[in-house]
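Below you'll find the structure, written out as structure tokens, and then a few comments.
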Amino acid sequence: MNNFEFYCPGKIRFGIDEIRNLKDYMQSLHISKPIVVTDKMLRSTPVISQVIAEMELDLVFDNIQPNPTNEMVMNLKAFVEAHDGDGLIVFGGGSSMDCAKGAAVVSYTQNDVAAYYDFAVNQLPIEKVLPIVAVPTTSGTGSEVSKYAVISDKETHVKYCLTSDLIVPRIAVVDPALTVGMPPKVTVSTGLDALSHAIESLLSSIENPLTNVLAFHAIGLIFENLNKARLNGNDLEARSNMSFAALTAGMAMSHCCGTMCHAMGCQLTSQYQVPHGLACAVLQKYGLDYAGDKAKNIQALIRYLAHKDCTPQEAVAVLQKKLDDLFEELEMPMDLKEYHMTEDGIRIMTADAMEHGCMGLNPVKMEPETVQAVFEKLV
């Protein structure tokens, strides 16, 4: 077994009704002026509005939109500073958490969030952040245990990444009851996002034995529970299993990052507004064609899921078939024809995908022509 590092700096509180202890968690971090970060729709739901009222959380920034932009981050920064906020309480999915992470970095500085982007010219180091308590209301991004934040440029629509152990939320409050009643489309998209995190963690060039264990378990739970959660939004057992799968996949992803599928999926979201989870998931089948020596991890996965011995190449084919079967079960097409992608759009996405940090972690070096050909399979 090779040497490896595993770092999980945040505390995780998992379980039904854990949200009731939110005030205790804020006090443990010495947060006296919390700023709530969420979106308007979520804020209006009975469960979240009740929590906000009961906890007397009066300072609420609810202008979060999908795929947060640099402008949104800076608006949240201004809100935090105007109200002397000393911590962020985030309700929602990846968009709310990514925006909060960006604002946690730049609040009480004179800097723009773009100065901290990975690989930015004269990139500034992230040295101090506001504490974040993350309360996921979806089962997908795993952002509550992730050291990444993805921010879209408002003008170019290119997605940039912030990476630091310091932006991992100090406490993740994972209460599966908050996901009950999540709409089927959101359930599927976020669940597929978690599945993508787990699969890509196995294929990443920086995977390790502990992240593999987390990914194996997450994949098994998602195959068993995603459709149950879609068909019955009140199935608390399925919801709990999906919450746990998203959490464990997020922990694996935070250590391994993604591969070609996330590099390409981010372009589909930024250029054609394909929901992030769906964008990454439709690519997984094709990403497995470029598993290289990491196919041995897929071999171990199939042994774990099906108690079946096969060669690495056979295991890849088995997982591809399982993905086909899952999409059929979810009543979803495995293409993106409805998004009407153009040849010019595909060329732009290919160029941007080749520059994405995740592409460099793919087990097989990808050429632009190959990436473009994969995009073309989706139209």
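Every chain in the structure tokens takes a letter, A first, then B, and so on in the order presented; its residues are numbered from 1, and the ligands are numbered from 1 following the presented order.
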
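Excluding A:Met1 and any residue on its chain fewer than 3 positions from it, the residues at most 10 Å away by only C-alpha atoms are Phe4, Asn208 and Pro209 of chain A.
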
Give me, as JSON lines, the closest atom pair and its distance (Å, one decimal) for every residue of stretch 252-349 of chain A within a cut-off of 9 Å of stretch 140-151 of chain A, counting only C-alpha atoms, rows sorted by chain and rising number.
{"residue": "A:Ala252", "atom": "CA", "partner": "A:Ser146", "partner_atom": "CA", "distance": 8.9}
{"residue": "A:Met253", "atom": "CA", "partner": "A:Ser146", "partner_atom": "CA", "distance": 7.5}
{"residue": "A:Ser254", "atom": "CA", "partner": "A:Ser146", "partner_atom": "CA", "distance": 4.8}
{"residue": "A:His255", "atom": "CA", "partner": "A:Ser146", "partner_atom": "CA", "distance": 8.2}
{"residue": "A:Cys257", "atom": "CA", "partner": "A:Tyr148", "partner_atom": "CA", "distance": 8.8}
{"residue": "A:Gly277", "atom": "CA", "partner": "A:Gly140", "partner_atom": "CA", "distance": 7.7}

Next, the residues of the selection above should be written as a short mmCIF file (atom, residue, chain, number, x, y, z; two decimals), in the first residue's frame with N, CA, C and O atoms.
data_model
loop_
_atom_site.label_atom_id
_atom_site.label_comp_id
_atom_site.auth_asym_id
_atom_site.auth_seq_id
_atom_site.Cartn_x
_atom_site.Cartn_y
_atom_site.Cartn_z
N ALA A 252 -14.22 12.08 -0.37
CA ALA A 252 -13.28 11.49 -1.33
C ALA A 252 -12.89 12.51 -2.39
O ALA A 252 -11.70 12.68 -2.71
N MET A 253 -13.88 13.22 -2.93
CA MET A 253 -13.63 14.21 -3.98
C MET A 253 -12.72 15.33 -3.49
O MET A 253 -11.86 15.83 -4.23
N SER A 254 -12.90 15.74 -2.23
CA SER A 254 -12.10 16.84 -1.71
C SER A 254 -10.62 16.49 -1.68
O SER A 254 -9.77 17.37 -1.78
N HIS A 255 -10.31 15.19 -1.55
CA HIS A 255 -8.91 14.77 -1.53
C HIS A 255 -8.38 14.45 -2.92
O HIS A 255 -7.19 14.62 -3.18
N CYS A 257 -9.97 15.40 -6.03
CA CYS A 257 -10.45 16.28 -7.09
C CYS A 257 -11.15 15.44 -8.15
O CYS A 257 -11.50 14.28 -7.91
N GLY A 277 -24.86 18.34 -11.90
CA GLY A 277 -24.84 16.90 -11.65
C GLY A 277 -25.10 16.10 -12.90
O GLY A 277 -24.43 15.08 -13.17
#

Could you list, as a ChimeraX atom specification, every residue within 7 Å of stretch 347-359 of chain A, counting only C-alpha atoms and ignoring same-chain residues fewer than 3 positions away? /A:257-260,262-264,267,343-344,362,368,371-372

With N, CA, C and O atoms retained, could you export that selection as a CSV table (one decimal), in the first residue's frame?
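Listed below is the output, result_25.csv:
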chain,number,residue,atom,x,y,z
A,257,CYS,N,-10.0,15.4,-6.0
A,257,CYS,CA,-10.5,16.3,-7.1
A,257,CYS,C,-11.2,15.4,-8.2
A,257,CYS,O,-11.5,14.3,-7.9
A,258,GLY,N,-11.4,16.0,-9.3
A,258,GLY,CA,-12.1,15.3,-10.4
A,258,GLY,C,-11.2,14.9,-11.5
A,258,GLY,O,-10.0,15.1,-11.4
A,259,THR,N,-11.8,14.4,-12.6
A,259,THR,CA,-11.0,14.0,-13.7
A,259,THR,C,-11.6,14.7,-15.0
A,259,THR,O,-12.2,15.8,-14.9
A,260,MET,N,-11.5,14.1,-16.1
A,260,MET,CA,-12.0,14.7,-17.4
A,260,MET,C,-13.4,15.0,-17.3
A,260,MET,O,-13.9,16.0,-17.9
A,262,HIS,N,-15.4,16.1,-14.9
A,262,HIS,CA,-15.7,17.4,-14.2
A,262,HIS,C,-15.1,18.5,-15.0
A,262,HIS,O,-15.7,19.6,-15.1
A,263,ALA,N,-13.9,18.3,-15.6
A,263,ALA,CA,-13.3,19.3,-16.5
A,263,ALA,C,-14.3,19.7,-17.6
A,263,ALA,O,-14.5,20.8,-18.0
A,264,MET,N,-14.9,18.7,-18.2
A,264,MET,CA,-15.9,18.9,-19.3
A,264,MET,C,-17.2,19.3,-18.8
A,264,MET,O,-17.9,20.1,-19.4
A,267,GLN,N,-17.9,22.9,-18.2
A,267,GLN,CA,-18.1,23.7,-19.5
A,267,GLN,C,-19.6,23.6,-19.9
A,267,GLN,O,-20.2,24.6,-20.4
A,343,GLU,N,-21.4,23.4,-33.1
A,343,GLU,CA,-20.0,23.0,-33.3
A,343,GLU,C,-19.1,24.1,-32.7
A,343,GLU,O,-18.1,23.7,-32.1
A,344,ASP,N,-19.4,25.4,-32.8
A,344,ASP,CA,-18.6,26.4,-32.2
A,344,ASP,C,-18.6,26.3,-30.7
A,344,ASP,O,-17.6,26.4,-30.1
A,362,ASN,N,-6.6,13.3,-14.8
A,362,ASN,CA,-7.2,12.1,-15.5
A,362,ASN,C,-6.1,11.1,-15.6
A,362,ASN,O,-4.9,11.4,-15.9
A,368,PRO,N,-7.0,17.3,-27.2
A,368,PRO,CA,-8.2,18.1,-27.6
A,368,PRO,C,-9.2,17.3,-28.5
A,368,PRO,O,-10.4,17.4,-28.4
A,371,VAL,N,-11.3,14.9,-26.6
A,371,VAL,CA,-12.3,15.6,-25.7
A,371,VAL,C,-13.4,16.1,-26.6
A,371,VAL,O,-14.6,15.9,-26.2
A,372,GLN,N,-13.1,16.7,-27.7
A,372,GLN,CA,-14.1,17.2,-28.6
A,372,GLN,C,-15.0,16.0,-29.1
A,372,GLN,O,-16.3,16.2,-29.2

Please extract the residues of stretch 95-339 of chain A with a backbone DSSP assignment of alpha helix (DSSP H) and present them as a VMD selection string. chain A and resid 95 to 106 184 to 203 209 to 231 236 to 256 260 to 272 276 to 287 295 to 306 312 to 329

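Near A:Ser189, within a cut-off of 9 Å and counting only C-alpha atoms, sit the residues Gly140, Pro184, Lys185, Val186, Leu192, Asp193, Ala194, Pro275, His276, Gly277, Leu278, Ala279 and Ala281 of chain A, with same-chain residues fewer than 3 positions away left out.
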
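Residues with any atom within 9 Å of A:Phe91, counting only C-alpha atoms and excluding same-chain neighbours fewer than 4 positions away, are Val36, Val37, Thr38, Asp39, Leu42, Arg43, Ile48, Ser96, Met97, Val133, Ala134, Val135, Pro136 and Thr137 of chain A.
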
Name the residues of stretch 115-159 of chain A that come out as strand (DSSP E or B) in a backbone DSSP run; write them as a PDB file with C-alpha atoms, in the first residue's frame.
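Printed below is out.pdb as written:
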ATOM      1  CA  ILE A 132     -18.588  28.502   8.108  1.00  0.00           C
ATOM      2  CA  VAL A 133     -21.315  26.206   9.398  1.00  0.00           C
ATOM      3  CA  ALA A 134     -22.676  24.320   6.380  1.00  0.00           C
ATOM      4  CA  VAL A 135     -26.181  22.837   6.392  1.00  0.00           C
ATOM      5  CA  PRO A 136     -26.778  20.912   3.142  1.00  0.00           C
ATOM      6  CA  TYR A 148     -13.016  23.655  -3.119  1.00  0.00           C
ATOM      7  CA  ALA A 149     -15.284  26.475  -4.255  1.00  0.00           C
ATOM      8  CA  VAL A 150     -16.264  26.997  -7.887  1.00  0.00           C
ATOM      9  CA  ILE A 151     -16.967  30.573  -8.981  1.00  0.00           C
ATOM     10  CA  SER A 152     -18.179  31.595 -12.452  1.00  0.00           C
ATOM     11  CA  LYS A 159     -15.617  28.574 -13.987  1.00  0.00           C
TER      12      LYS A 159
END

Close residues, A:His30 itself excluded, 12 Å, only C-alpha atoms, min 3 positions apart in chain, as an MDAnalysis selection string: chainID A and resid 23:27 33:34 85:88 130:133 170

With a distance cut-off of 9 Å and only C-alpha atoms, select the neighbouring residues of stretch 222-234 of chain A, excluding the residue or stretch itself and same-chain residues fewer than 3 positions from it, and output the selection as a ChimeraX atom specification. /A:177,179-188,191-192,194-195,217-219,237-239,241-242,245-246,322-323,326,329-330

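Candidate residues A:Ala198, A:Val105, A:Met341, A:Val113 were compared for distance to A:Tyr160, and the nearest is A:Val113, using only C-alpha atoms.
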
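Of the listed residues (A:Asn70, A:Glu127, A:Asp153, A:Val374), A:Asn70 comes nearest to A:Asp112; the distances count only C-alpha atoms.
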